[in-house]
$ cat target_8.cif   # mmCIF, C-alpha atoms and all ligand atoms
data_structure
loop_
_atom_site.label_atom_id
_atom_site.label_comp_id
_atom_site.auth_asym_id
_atom_site.auth_seq_id
_atom_site.Cartn_x
_atom_site.Cartn_y
_atom_site.Cartn_z
CA MET A 1 -104.78 120.26 46.66
CA THR A 2 -105.28 119.83 42.94
CA ILE A 3 -104.64 116.60 41.14
CA PRO A 4 -102.64 117.16 37.94
CA LEU A 5 -103.57 115.22 34.83
CA ASN A 6 -101.43 112.14 34.33
CA ALA A 7 -101.18 108.97 32.25
CA THR A 8 -104.39 107.55 33.76
CA HIS A 9 -106.37 110.39 32.12
CA ASP A 10 -105.00 109.76 28.61
CA PRO A 11 -108.14 109.55 26.42
CA ALA A 12 -106.25 107.22 24.06
CA ALA A 13 -105.57 104.62 26.77
CA ARG A 14 -107.35 101.34 26.16
CA SER A 15 -107.97 98.23 28.21
CA TRP A 16 -107.70 94.57 27.29
CA VAL A 17 -111.21 94.33 28.80
CA GLU A 18 -112.91 95.14 25.49
CA SER A 19 -116.20 96.43 26.97
CA ALA A 20 -114.20 99.19 28.69
CA ASN A 21 -113.30 100.66 25.29
CA GLN A 22 -116.87 101.20 24.12
CA ALA A 23 -117.68 104.88 23.69
CA ALA A 24 -120.83 104.83 25.82
CA THR A 25 -119.46 102.94 28.83
CA ASP A 26 -119.46 104.70 32.18
CA PHE A 27 -116.46 102.67 33.26
CA PRO A 28 -113.51 103.03 30.89
CA ILE A 29 -109.98 102.50 32.18
CA GLN A 30 -109.76 106.23 32.97
CA ASN A 31 -112.49 105.91 35.64
CA LEU A 32 -111.85 102.86 37.90
CA PRO A 33 -114.44 103.63 40.62
CA LEU A 34 -114.73 101.38 43.68
CA ALA A 35 -117.76 99.71 45.26
CA ILE A 36 -118.65 96.93 47.68
CA VAL A 37 -120.10 93.86 45.95
CA ARG A 38 -121.04 90.29 46.62
CA ARG A 39 -121.90 87.50 44.23
CA ALA A 40 -125.59 87.31 43.47
CA GLU A 41 -125.50 83.50 43.46
CA GLY A 42 -123.28 80.75 44.76
CA HIS A 43 -121.54 80.06 48.03
CA ASP A 44 -118.91 82.81 47.87
CA GLY A 45 -121.32 85.57 48.84
CA HIS A 46 -119.23 87.64 51.22
CA ALA A 47 -118.95 91.36 50.60
CA ARG A 48 -115.68 92.74 49.27
CA GLY A 49 -114.33 95.76 47.44
CA ALA A 50 -114.30 95.86 43.66
CA ALA A 51 -113.35 98.20 40.84
CA ALA A 52 -115.51 98.72 37.75
CA ILE A 53 -114.01 98.15 34.30
CA GLY A 54 -116.44 98.12 31.37
CA ASP A 55 -119.14 95.55 32.05
CA ARG A 56 -116.93 93.69 34.51
CA VAL A 57 -116.03 94.13 38.16
CA LEU A 58 -112.52 93.47 39.39
CA ASP A 59 -112.70 91.59 42.69
CA LEU A 60 -110.11 93.32 44.87
CA ALA A 61 -110.04 90.51 47.43
CA ALA A 62 -109.09 88.08 44.68
CA LEU A 63 -106.63 90.55 43.20
CA SER A 64 -105.04 91.12 46.59
CA ALA A 65 -104.40 87.39 46.86
CA THR A 66 -102.54 87.22 43.54
CA GLY A 67 -99.50 89.09 44.84
CA LEU A 68 -99.45 91.20 41.67
CA LEU A 69 -99.46 94.43 43.66
CA HIS A 70 -96.57 95.65 45.81
CA GLY A 71 -95.85 98.44 48.28
CA PRO A 72 -98.49 101.11 48.95
CA ALA A 73 -100.76 99.79 46.20
CA ALA A 74 -100.81 96.34 47.82
CA SER A 75 -101.69 97.86 51.20
CA ALA A 76 -104.39 100.01 49.60
CA CYS A 77 -105.83 97.03 47.72
CA ALA A 78 -105.93 94.94 50.91
CA ALA A 79 -107.80 97.76 52.66
CA ALA A 80 -110.22 98.15 49.76
CA ALA A 81 -110.83 94.38 49.67
CA GLN A 82 -112.65 94.48 53.01
CA PRO A 83 -116.47 94.38 53.31
CA ALA A 84 -116.53 98.20 53.63
CA LEU A 85 -114.25 100.89 52.26
CA ASN A 86 -113.82 102.85 55.52
CA ASP A 87 -110.22 101.71 56.11
CA TYR A 88 -109.36 102.39 52.47
CA PHE A 89 -110.92 105.85 52.62
CA ALA A 90 -108.93 106.58 55.80
CA LEU A 91 -105.60 105.91 54.03
CA GLY A 92 -105.77 109.18 52.10
CA PRO A 93 -104.79 110.49 48.67
CA ALA A 94 -101.35 108.86 48.32
CA ALA A 95 -102.85 105.38 48.79
CA TRP A 96 -105.85 106.13 46.53
CA HIS A 97 -103.43 107.35 43.86
CA ALA A 98 -101.19 104.27 44.20
CA LEU A 99 -104.08 101.83 43.80
CA ARG A 100 -105.58 103.72 40.84
CA HIS A 101 -102.28 103.76 38.97
CA ASN A 102 -101.61 100.09 39.65
CA LEU A 103 -105.08 99.02 38.57
CA PHE A 104 -104.59 101.12 35.43
CA ALA A 105 -101.29 99.34 34.68
CA LEU A 106 -102.83 95.89 35.20
CA LEU A 107 -105.87 96.62 33.01
CA ARG A 108 -104.38 98.59 30.12
CA ASP A 109 -103.81 96.80 26.86
CA GLU A 110 -100.02 97.03 27.23
CA ALA A 111 -100.14 94.72 30.28
CA PRO A 112 -98.10 91.50 29.76
CA GLU A 113 -100.02 88.38 28.86
CA HIS A 114 -99.24 86.56 32.11
CA VAL A 115 -100.58 89.55 34.06
CA ARG A 116 -103.75 89.68 31.97
CA GLN A 117 -104.42 86.03 32.61
CA ARG A 118 -104.12 86.37 36.38
CA VAL A 119 -106.19 89.56 36.51
CA ALA A 120 -108.84 88.06 34.22
CA GLU A 121 -109.39 85.36 36.83
CA CYS A 122 -110.40 88.14 39.27
CA LEU A 123 -113.10 89.57 36.98
CA LEU A 124 -116.83 88.99 37.42
CA PRO A 125 -119.67 90.05 35.13
CA MET A 126 -121.26 93.20 36.54
CA ASP A 127 -124.70 91.61 36.34
CA ALA A 128 -123.50 88.74 38.54
CA VAL A 129 -122.96 90.93 41.61
CA LEU A 130 -125.15 92.73 44.12
CA HIS A 131 -124.12 95.96 45.78
CA GLU A 132 -123.71 96.83 49.42
CA LEU A 133 -123.18 100.33 50.79
CA PRO A 134 -119.61 101.44 49.96
CA ALA A 135 -118.89 102.20 53.61
CA ARG A 136 -120.30 101.98 57.11
CA ILE A 137 -121.83 105.45 57.21
CA GLY A 138 -121.42 106.82 60.72
CA ASN A 139 -122.81 110.23 59.87
CA TYR A 140 -124.75 111.77 57.01
CA THR A 141 -125.00 115.51 56.45
CA ASP A 142 -126.96 117.11 53.63
CA PHE A 143 -126.07 120.58 52.37
CA TYR A 144 -128.20 123.04 50.42
CA THR A 145 -125.82 124.62 47.93
CA SER A 146 -127.72 125.29 44.69
CA ILE A 147 -128.87 128.90 44.52
CA HIS A 148 -131.27 127.98 41.71
CA HIS A 149 -132.88 125.28 43.88
CA ALA A 150 -132.97 127.63 46.88
CA LEU A 151 -134.68 130.32 44.80
CA ASN A 152 -137.15 127.89 43.18
CA VAL A 153 -138.21 126.40 46.52
CA GLY A 154 -137.96 129.72 48.34
CA ARG A 155 -140.44 131.29 45.91
CA LEU A 156 -142.95 128.56 46.81
CA ILE A 157 -142.58 129.14 50.55
CA ALA A 158 -141.82 132.87 50.80
CA PRO A 159 -142.31 134.56 47.42
CA GLN A 160 -141.35 138.01 48.76
CA ASN A 161 -138.06 136.83 50.21
CA PRO A 162 -137.07 133.53 48.59
CA LEU A 163 -133.40 133.48 49.58
CA THR A 164 -132.51 133.39 53.27
CA PRO A 165 -129.89 136.00 54.23
CA ASN A 166 -127.29 133.38 55.12
CA PHE A 167 -127.37 131.44 51.84
CA GLN A 168 -124.76 133.51 50.01
CA TRP A 169 -122.43 133.61 53.02
CA LEU A 170 -122.12 129.99 54.09
CA PRO A 171 -123.00 126.51 52.82
CA ILE A 172 -126.18 125.62 54.76
CA ALA A 173 -126.79 122.02 55.87
CA TYR A 174 -128.77 119.81 58.23
CA HIS A 175 -127.59 116.64 59.94
CA GLY A 176 -129.34 113.75 58.22
CA ARG A 177 -130.05 110.17 59.12
CA ALA A 178 -127.33 107.60 58.28
CA SER A 179 -129.34 104.47 59.11
CA SER A 180 -131.77 104.88 56.21
CA VAL A 181 -129.16 105.34 53.45
CA ARG A 182 -129.38 102.55 50.88
CA VAL A 183 -127.77 101.64 47.56
CA GLY A 184 -130.04 102.68 44.69
CA ALA A 185 -129.45 99.49 42.73
CA PRO A 186 -131.97 97.97 40.27
CA GLY A 187 -135.01 96.63 42.10
CA PHE A 188 -134.58 98.72 45.23
CA GLY A 189 -137.81 100.18 46.56
CA PHE A 190 -139.08 101.90 49.68
CA HIS A 191 -142.55 102.47 51.08
CA ARG A 192 -144.27 105.82 50.79
CA PRO A 193 -143.91 107.34 54.27
CA MET A 194 -146.76 108.01 56.68
CA GLY A 195 -146.78 111.23 58.63
CA GLN A 196 -148.42 114.46 59.63
CA ALA A 197 -149.18 117.31 57.25
CA MET A 198 -151.14 120.55 57.27
CA PRO A 199 -153.13 120.72 54.02
CA PRO A 200 -153.59 124.20 52.55
CA GLY A 201 -156.55 125.94 54.19
CA ALA A 202 -157.07 123.21 56.80
CA GLU A 203 -157.65 124.09 60.44
CA ALA A 204 -155.82 121.08 61.86
CA PRO A 205 -153.12 118.75 60.56
CA VAL A 206 -153.91 115.31 59.15
CA TYR A 207 -152.12 111.98 59.54
CA GLY A 208 -151.72 109.81 56.48
CA ALA A 209 -149.59 108.65 53.59
CA CYS A 210 -147.39 111.31 52.03
CA ALA A 211 -149.32 113.06 49.25
CA ARG A 212 -146.40 115.10 47.92
CA LEU A 213 -143.55 112.64 47.49
CA ASP A 214 -140.48 113.97 45.70
CA PHE A 215 -136.92 113.11 44.70
CA GLU A 216 -133.87 115.35 45.00
CA LEU A 217 -131.08 115.08 42.43
CA GLU A 218 -127.83 115.47 44.35
CA MET A 219 -124.22 114.49 44.40
CA GLY A 220 -122.80 112.91 47.54
CA PHE A 221 -119.23 112.42 48.66
CA PHE A 222 -117.50 110.14 51.15
CA VAL A 223 -115.11 111.53 53.71
CA GLY A 224 -111.62 110.03 53.57
CA GLY A 225 -109.32 110.77 56.48
CA GLY A 226 -111.13 112.51 59.32
CA ASN A 227 -110.07 115.30 61.65
CA ALA A 228 -109.67 115.44 65.40
CA LEU A 229 -112.42 117.05 67.45
CA GLY A 230 -111.68 120.74 67.72
CA ARG A 231 -109.26 120.79 64.75
CA PRO A 232 -110.91 122.28 61.64
CA ILE A 233 -109.88 121.21 58.14
CA PRO A 234 -108.60 124.30 56.29
CA LEU A 235 -110.09 124.90 52.86
CA ALA A 236 -106.75 124.35 51.13
CA GLU A 237 -106.56 120.82 52.60
CA ALA A 238 -110.23 119.92 52.26
CA GLU A 239 -110.06 117.96 48.99
CA ALA A 240 -107.50 115.59 50.51
CA HIS A 241 -110.35 114.49 52.80
CA ILE A 242 -112.76 113.65 49.95
CA ALA A 243 -112.48 109.97 49.00
CA GLY A 244 -114.88 110.12 46.06
CA LEU A 245 -118.31 111.06 44.75
CA VAL A 246 -121.61 109.26 44.14
CA LEU A 247 -125.07 110.20 42.92
CA LEU A 248 -127.50 110.80 45.79
CA ASN A 249 -131.29 110.96 45.92
CA ASP A 250 -132.63 112.70 49.03
CA TRP A 251 -136.22 111.41 48.78
CA SER A 252 -138.50 113.99 50.36
CA ALA A 253 -142.06 114.02 51.70
CA ARG A 254 -142.87 117.66 50.94
CA ASP A 255 -146.18 117.83 52.80
CA HIS A 256 -144.61 116.42 55.96
CA GLN A 257 -141.44 118.46 55.50
CA PHE A 258 -143.06 121.85 54.99
CA TRP A 259 -145.29 121.38 58.06
CA GLU A 260 -142.56 120.13 60.41
CA MET A 261 -139.42 122.04 59.42
CA ALA A 262 -140.01 125.37 61.16
CA PRO A 263 -137.93 126.19 63.13
CA LEU A 264 -135.55 123.22 63.37
CA GLY A 265 -135.26 121.95 59.78
CA PRO A 266 -136.07 118.66 58.03
CA PHE A 267 -136.84 115.58 60.16
CA LEU A 268 -139.32 112.86 59.10
CA GLY A 269 -139.81 114.53 55.73
CA LYS A 270 -136.34 113.34 54.72
CA ASN A 271 -135.29 110.51 57.03
CA PHE A 272 -137.33 107.62 55.58
CA CYS A 273 -134.88 106.81 52.79
CA THR A 274 -131.83 108.21 51.00
CA THR A 275 -130.30 106.35 48.06
CA ILE A 276 -126.81 106.56 46.56
CA SER A 277 -125.25 105.07 43.44
CA PRO A 278 -122.98 102.12 44.20
CA TRP A 279 -119.71 103.22 42.52
CA VAL A 280 -117.46 105.79 44.23
CA VAL A 281 -115.69 107.94 41.63
CA SER A 282 -112.44 109.49 42.85
CA LEU A 283 -111.45 113.14 42.54
CA GLU A 284 -108.44 111.93 40.57
CA ALA A 285 -110.75 110.37 37.95
CA LEU A 286 -112.67 113.66 37.84
CA ALA A 287 -109.54 115.83 37.43
CA PRO A 288 -110.13 116.52 33.69
CA TYR A 289 -113.55 117.97 34.53
CA ARG A 290 -112.58 120.61 37.06
CA VAL A 291 -113.95 124.08 36.32
CA PRO A 292 -113.55 127.46 38.01
CA PHE A 293 -115.64 128.26 41.06
CA VAL A 294 -117.33 131.43 39.91
CA ARG A 295 -119.15 134.12 41.93
CA ASP A 296 -120.99 136.88 40.14
CA ALA A 297 -119.34 140.24 40.81
CA GLY A 298 -122.53 141.53 42.42
CA ASP A 299 -122.73 138.63 44.90
CA PRO A 300 -121.04 138.57 48.30
CA GLN A 301 -117.56 137.08 47.99
CA PRO A 302 -116.77 134.22 50.39
CA LEU A 303 -115.19 135.07 53.73
CA ALA A 304 -111.47 134.33 53.82
CA TYR A 305 -111.79 130.89 55.43
CA LEU A 306 -114.06 129.80 52.54
CA ASP A 307 -111.94 131.31 49.79
CA ASP A 308 -108.63 130.43 48.17
CA PRO A 309 -107.06 130.72 44.71
CA GLY A 310 -107.23 126.96 44.11
CA GLN A 311 -110.99 126.88 44.60
CA ARG A 312 -111.45 129.91 42.37
CA ALA A 313 -109.33 128.30 39.66
CA HIS A 314 -110.86 124.82 39.70
CA GLY A 315 -113.11 124.24 42.70
CA GLY A 316 -116.07 123.30 40.52
CA LEU A 317 -116.91 120.00 38.83
CA ASP A 318 -118.63 119.76 35.45
CA ILE A 319 -120.69 116.62 36.03
CA GLN A 320 -123.63 116.15 33.66
CA LEU A 321 -126.76 114.94 35.43
CA ASP A 322 -130.21 113.83 34.41
CA VAL A 323 -133.38 112.51 36.02
CA ARG A 324 -135.63 109.94 34.37
CA ILE A 325 -138.95 108.45 35.46
CA ASP A 326 -140.09 104.96 34.59
CA THR A 327 -143.77 104.31 35.38
CA ALA A 328 -145.92 101.21 35.15
CA ARG A 329 -147.12 102.47 31.77
CA HIS A 330 -143.53 102.71 30.50
CA ARG A 331 -142.89 99.13 31.57
CA GLU A 332 -146.14 97.78 30.11
CA GLY A 333 -145.57 99.58 26.81
CA GLY A 334 -141.85 98.88 26.50
CA ILE A 335 -141.28 102.65 26.48
CA ASP A 336 -137.94 104.15 27.47
CA PRO A 337 -137.92 106.09 30.75
CA SER A 338 -138.91 109.76 30.38
CA THR A 339 -136.20 112.35 30.95
CA ILE A 340 -137.65 115.15 33.09
CA ALA A 341 -134.56 117.19 34.05
CA ARG A 342 -130.99 117.67 32.90
CA THR A 343 -128.30 119.92 34.35
CA SER A 344 -124.67 120.11 35.50
CA PHE A 345 -123.12 120.13 38.94
CA ARG A 346 -121.02 123.11 37.82
CA HIS A 347 -123.84 125.51 38.74
CA GLN A 348 -123.54 124.89 42.52
CA TYR A 349 -123.05 127.98 44.64
CA TRP A 350 -120.58 126.23 47.01
CA THR A 351 -117.96 123.56 46.28
CA PRO A 352 -117.43 120.22 48.07
CA ALA A 353 -114.19 121.58 49.57
CA GLN A 354 -116.06 124.57 51.01
CA MET A 355 -118.60 122.15 52.49
CA VAL A 356 -115.79 120.25 54.27
CA ALA A 357 -114.24 123.48 55.54
CA GLN A 358 -117.60 124.78 56.77
CA HIS A 359 -118.58 121.46 58.37
CA THR A 360 -115.42 121.42 60.47
CA VAL A 361 -114.80 125.14 61.11
CA GLY A 362 -116.43 124.98 64.53
CA GLY A 363 -114.42 121.91 65.45
CA CYS A 364 -116.82 119.14 64.39
CA ASN A 365 -114.88 115.97 63.60
CA LEU A 366 -115.54 114.14 60.35
CA GLU A 367 -114.83 110.42 60.21
CA PRO A 368 -113.82 108.07 57.38
CA GLY A 369 -116.95 106.94 55.55
CA ASP A 370 -119.12 109.87 56.59
CA LEU A 371 -121.50 110.76 53.76
CA ILE A 372 -121.99 114.38 52.70
CA GLY A 373 -124.81 115.38 50.35
CA THR A 374 -124.42 118.53 48.27
CA GLY A 375 -128.09 119.47 48.26
CA THR A 376 -130.37 119.42 45.25
CA VAL A 377 -128.61 120.29 42.01
CA SER A 378 -130.72 122.69 39.97
CA GLY A 379 -129.41 124.77 37.08
CA PRO A 380 -130.46 128.22 35.92
CA THR A 381 -133.23 127.24 33.46
CA PRO A 382 -136.61 125.57 34.24
CA GLY A 383 -135.66 122.22 32.68
CA GLU A 384 -132.65 122.02 34.97
CA ALA A 385 -134.61 121.70 38.23
CA GLY A 386 -133.53 118.74 40.36
CA ALA A 387 -136.82 118.12 42.20
CA ILE A 388 -140.40 117.62 41.05
CA VAL A 389 -141.66 120.29 43.49
CA GLU A 390 -139.71 122.79 41.37
CA LEU A 391 -140.63 121.28 37.99
CA SER A 392 -144.36 121.28 38.85
CA LEU A 393 -144.28 124.63 40.68
CA GLY A 394 -145.30 123.09 43.96
CA GLY A 395 -147.78 120.77 42.24
CA ARG A 396 -149.74 123.59 40.58
CA ALA A 397 -148.41 122.82 37.10
CA PRO A 398 -148.07 119.03 36.70
CA ILE A 399 -145.39 117.96 34.23
CA THR A 400 -146.15 115.75 31.25
CA LEU A 401 -143.90 112.72 30.85
CA PRO A 402 -142.46 112.47 27.34
CA GLY A 403 -143.22 109.06 25.87
CA THR A 404 -146.39 108.20 27.81
CA GLY A 405 -148.12 111.59 28.14
CA GLU A 406 -148.83 110.90 31.81
CA GLN A 407 -148.96 113.84 34.19
CA ARG A 408 -147.14 114.12 37.47
CA ALA A 409 -147.47 116.78 40.14
CA PHE A 410 -145.59 114.49 42.56
CA LEU A 411 -144.43 110.85 42.50
CA GLU A 412 -146.98 108.05 42.40
CA ASP A 413 -146.70 104.46 43.64
CA GLY A 414 -144.85 102.33 41.10
CA ASP A 415 -142.77 105.22 39.78
CA THR A 416 -139.06 104.48 39.47
CA VAL A 417 -136.74 107.49 39.58
CA ILE A 418 -133.37 107.04 37.85
CA LEU A 419 -130.52 109.50 38.40
CA ARG A 420 -127.56 109.41 36.02
CA GLY A 421 -124.25 111.28 36.02
CA TRP A 422 -121.36 111.45 33.60
CA CYS A 423 -118.53 113.69 32.42
CA GLU A 424 -117.54 114.24 28.82
CA GLY A 425 -115.70 116.82 26.77
CA ALA A 426 -113.40 117.26 23.80
CA GLY A 427 -110.02 115.63 24.24
CA ARG A 428 -111.06 113.85 27.42
CA ALA A 429 -112.24 110.34 28.16
CA ARG A 430 -115.95 110.09 28.99
CA ILE A 431 -116.50 108.67 32.48
CA GLY A 432 -119.75 107.99 34.32
CA PHE A 433 -121.27 107.29 37.72
CA GLY A 434 -123.76 104.67 36.59
CA GLU A 435 -127.26 105.02 37.98
CA CYS A 436 -129.04 105.63 41.28
CA ARG A 437 -132.50 104.02 41.21
CA GLY A 438 -135.46 103.59 43.49
CA VAL A 439 -139.10 102.62 43.07
CA VAL A 440 -141.92 104.03 45.20
CA LEU A 441 -143.91 101.30 46.96
CA SER A 442 -147.32 101.83 48.53
CA ALA A 443 -147.53 103.10 52.11
CA ILE A 444 -147.65 100.79 55.10
CA GLY A 445 -149.82 102.02 57.97
CA PRO A 446 -148.98 101.62 61.66
CA GLY A 447 -150.62 98.20 61.75
CA GLY A 448 -148.42 96.92 58.93
CA ALA A 449 -151.19 96.62 56.34
CA ASP A 450 -150.71 98.23 52.95
CA CA B 501 -131.52 117.50 50.04
#
$ encode --input "target_8.cif" --output "structure tokens"
Amino acid sequence: MTIPLNATHDPAARSWVESANQAATDFPIQNLPLAIVRRAEGHDGHARGAAAIGDRVLDLAALSATGLLHGPAASACAAAAQPALNDYFALGPAAWHALRHNLFALLRDEAPEHVRQRVAECLLPMDAVLHELPARIGNYTDFYTSIHHALNVGRLIAPQNPLTPNFQWLPIAYHGRASSVRVGAPGFGFHRPMGQAMPPGAEAPVYGACARLDFELEMGFFVGGGNALGRPIPLAEAEAHIAGLVLLNDWSARDHQFWEMAPLGPFLGKNFCTTISPWVVSLEALAPYRVPFVRDAGDPQPLAYLDDPGQRAHGGLDIQLDVRIDTARHREGGIDPSTIARTSFRHQYWTPAQMVAQHTVGGCNLEPGDLIGTGTVSGPTPGEAGAIVELSLGGRAPITLPGTGEQRAFLEDGDTVILRGWCEGAGRARIGFGECRGVVLSAIGPGGAD
């Protein structure tokens, strides 16, 4: 399934919400991502769905009550107005398309005055809302689909044989922990995890606070309609099951992870916290930024169930990504966060559709609201690495933060990591994902004391 470009992608389209027309906004009228919000103050604090437009959020519960929408768009809006987007995700592409096109019509500058007035009453300032998770996440799976990340990390663990034999034949993943997924909104923090590690050269493992705390720059996507147990989703249908994308940070305790993960894979090293950006950007919004899924001629070509002409033509997504760090010294000095990595999602070795096909090929059933991580996104050059363990070569070569001159081998308490994502290109409207943030708080021991 490919979504053709349509009127909602017109780069010349403008909104009567003036902030949506500013060149740098992540949320022009061509984007219209959805999230779950509640008012930060006041009595009306219940969670409900919302769409982003410029520096405003459109309250879909309020919009639903206006009666301005009809037919499938009204049903979709009512579903999206709930305190979680699971029911909306389950409706599928026709409903997502109907709501997007109706929101576009209501918000574009050609909308009649009486419509503008009624919709304007449903708008809230973005800084007046707090975010909840977009959906009740029943299951979270994290893939490992960047060959550059796999090679960078593989060289640290097994320099002679950095790429496992399966990597080029199937999208590898582990089943993650859904309960510790949080929205990476401003102010969110988590405590440095405690655990067991085997220091280099030691004769016995030690218990203590993680000494090698890392981030992982990833994309995530929410499953739309699910599949019945035992009924795989064919590759050609896989994108119809992807409700939208977010930024994802798979925080990782490398010392705990590298000690525990043989032979069963990550456990405590990755289950203490995962953060996602609040706004879910649809595949329809991303349609202008599709790129070919490319395999080098010398690489194994995907087996037939992971290969089709549509994926080869436009299975990839050109999403620009960067990672910034904001330390106590930045905040004290009024210094902008330091950019430490920048890359594009287009370099991934496997596409989201291939991840869906692989996840279900054995019969596993996906459910609406399941969260799928793509794995760390690292590009081909050193400055494109999506984890500090890669940037610092396993801690041996600490990076210097531009702006403050501080050095980091791994994350320190008080460090805020900020992921950003956006798409831009000639003749296309720039759209963005916003940010995914989290600050590292000091460890809490078993007795509860810091
Ligand atoms: Ca990961």
$ residues_near_point --input "target_8.cif" --point "(-107.7, 109.1, 54.7)" --cutoff "6 Å" --atoms "all atoms listed in the file" --output "list of chain:residue names"
A:Phe89, A:Ala90, A:Leu91, A:Gly92, A:Gly224, A:Gly225
$ residues_around --input "target_8.cif" --residues "A:Asn21" --least-positions-apart "2" --cutoff "12 Å" --atoms "all atoms listed in the file" --output "list in words"
Pro11, Ala12, Ala13, Arg14, Ser15, Trp16, Val17, Glu18, Ser19, Ala23, Ala24, Thr25, Asp26, Phe27, Pro28, Ile29, Gln30, Asn31, Ile53, Gly54, Asp55, Leu107, Arg108, Asp109, Ala429, Arg430 and Ile431 of chain A
$ residues_around --input "target_8.cif" --residues "A:Asp214" --least-positions-apart "6" --cutoff "7 Å" --atoms "only C-alpha atoms" --output "number ranges by chain"
A: 251-254, 387-389, 410-411
$ residues_near_point --input "target_8.cif" --point "(-145.3, 116.5, 55.5)" --cutoff "8 Å" --atoms "only C-alpha atoms" --output "list in words"
Gly195, Gln196, Ala197, Met198, Cys210, Arg212, Ala253, Arg254, Asp255, His256, Gln257, Phe258, Trp259, Glu260, Leu268 and Gly269 of chain A
$ residues_around --input "target_8.cif" --residues "A:Leu247" --least-positions-apart "6" --cutoff "6 Å" --atoms "only C-alpha atoms" --output "PDB file with C-alpha atoms, in the frame of the given file"
ATOM      1  CA  MET A 219    -124.220 114.490  44.400  1.00  0.00           C
ATOM      2  CA  GLY A 220    -122.800 112.910  47.540  1.00  0.00           C
ATOM      3  CA  ILE A 276    -126.810 106.560  46.560  1.00  0.00           C
ATOM      4  CA  SER A 277    -125.250 105.070  43.440  1.00  0.00           C
TER       5      SER A 277
END
$ closest_residue --input "target_8.cif" --among "A:Val291, A:Leu99, A:Ile172, A:Ala81" --to "ligand CA 501 (chain B)" --atoms "all atoms listed in the file"
A:Ile172
$ residues_around --input "target_8.cif" --residues "A:Asn86" --least-positions-apart "5" --cutoff "7 Å" --atoms "all atoms listed in the file" --output "compact mmCIF listing (two decimals) with C-alpha atoms, keeping the file's coordinate frame"
# COMPACT_ATOMS: atom_id res chain seq x y z
CA ALA A 135 -118.89 102.20 53.61
CA ARG A 136 -120.30 101.98 57.11
CA PRO A 368 -113.82 108.07 57.38
CA GLY A 369 -116.95 106.94 55.55
$ residues_near_ligand --input "target_8.cif" --ligand "ligand CA 501 (chain B)" --cutoff "7 Å" --atoms "only C-alpha atoms and all ligand atoms" --output "list in words"
Asp142, Phe143, Tyr144, Glu216, Asp250, Gly375 and Thr376 of chain A
$ residues_around --input "target_8.cif" --residues "A:Ala79" --least-positions-apart "5" --cutoff "8 Å" --atoms "only C-alpha atoms" --output "PDB file with C-alpha atoms, in the frame of the given file"
ATOM      1  CA  LEU A  85    -114.250 100.890  52.260  1.00  0.00           C
ATOM      2  CA  ASP A  87    -110.220 101.710  56.110  1.00  0.00           C
ATOM      3  CA  TYR A  88    -109.360 102.390  52.470  1.00  0.00           C
TER       4      TYR A  88
END
$ closest_residue --input "target_8.cif" --among "A:Ala426, A:Leu63, A:Ala211, A:Leu5" --to "A:Leu106" --atoms "all atoms listed in the file"
A:Leu63
$ closest_residue --input "target_8.cif" --among "A:Asn271, A:Gln168, A:Asn249, A:Thr2" --to "A:Gln311" --atoms "all atoms listed in the file"
A:Thr2
$ atom_distance --input "target_8.cif" --atom1 "atom CA of A:Gly334" --atom2 "atom CA of A:Ala128"
24.2 Å
$ closest_residue --input "target_8.cif" --among "A:Ala52, A:Leu163, A:Leu245, A:Ile418" --to "A:His148" --atoms "only C-alpha atoms"
A:Leu163
$ atom_distance --input "target_8.cif" --atom1 "atom CA of A:Met355" --atom2 "atom CA of A:His314"
15.2 Å
$ closest_residue --input "target_8.cif" --among "A:Pro83, A:Ala209, A:Ala228, A:Asp322" --to "A:Ile444" --atoms "all atoms listed in the file"
A:Ala209
$ closest_residue --input "target_8.cif" --among "A:Ile372, A:Ala185, A:Leu441, A:Glu237" --to "A:His359" --atoms "only C-alpha atoms"
A:Ile372
$ atom_distance --input "target_8.cif" --atom1 "atom CA of A:Glu412" --atom2 "atom CA of A:Leu213"
7.7 Å
$ closest_atom_pairs --input "target_8.cif" --of "stretch 256-302 of chain A" --to "stretch 336-350 of chain A" --cutoff "12 Å" --atoms "all atoms listed in the file" --output "Markdown table"
| residue | atom | partner | partner_atom | distance |
| --- | --- | --- | --- | --- |
| A:Tyr289 | CA | A:Arg346 | CA | 9.6 |
| A:Arg290 | CA | A:Arg346 | CA | 8.8 |
| A:Val291 | CA | A:Arg346 | CA | 7.3 |
| A:Pro292 | CA | A:Arg346 | CA | 8.6 |
| A:Phe293 | CA | A:Trp350 | CA | 8.0 |
| A:Val294 | CA | A:Tyr349 | CA | 8.2 |
| A:Arg295 | CA | A:Tyr349 | CA | 7.8 |
| A:Asp296 | CA | A:Tyr349 | CA | 10.2 |
| A:Asp299 | CA | A:Tyr349 | CA | 10.7 |
| A:Pro300 | CA | A:Tyr349 | CA | 11.4 |
| A:Gln301 | CA | A:Tyr349 | CA | 11.1 |
| A:Pro302 | CA | A:Trp350 | CA | 9.5 |
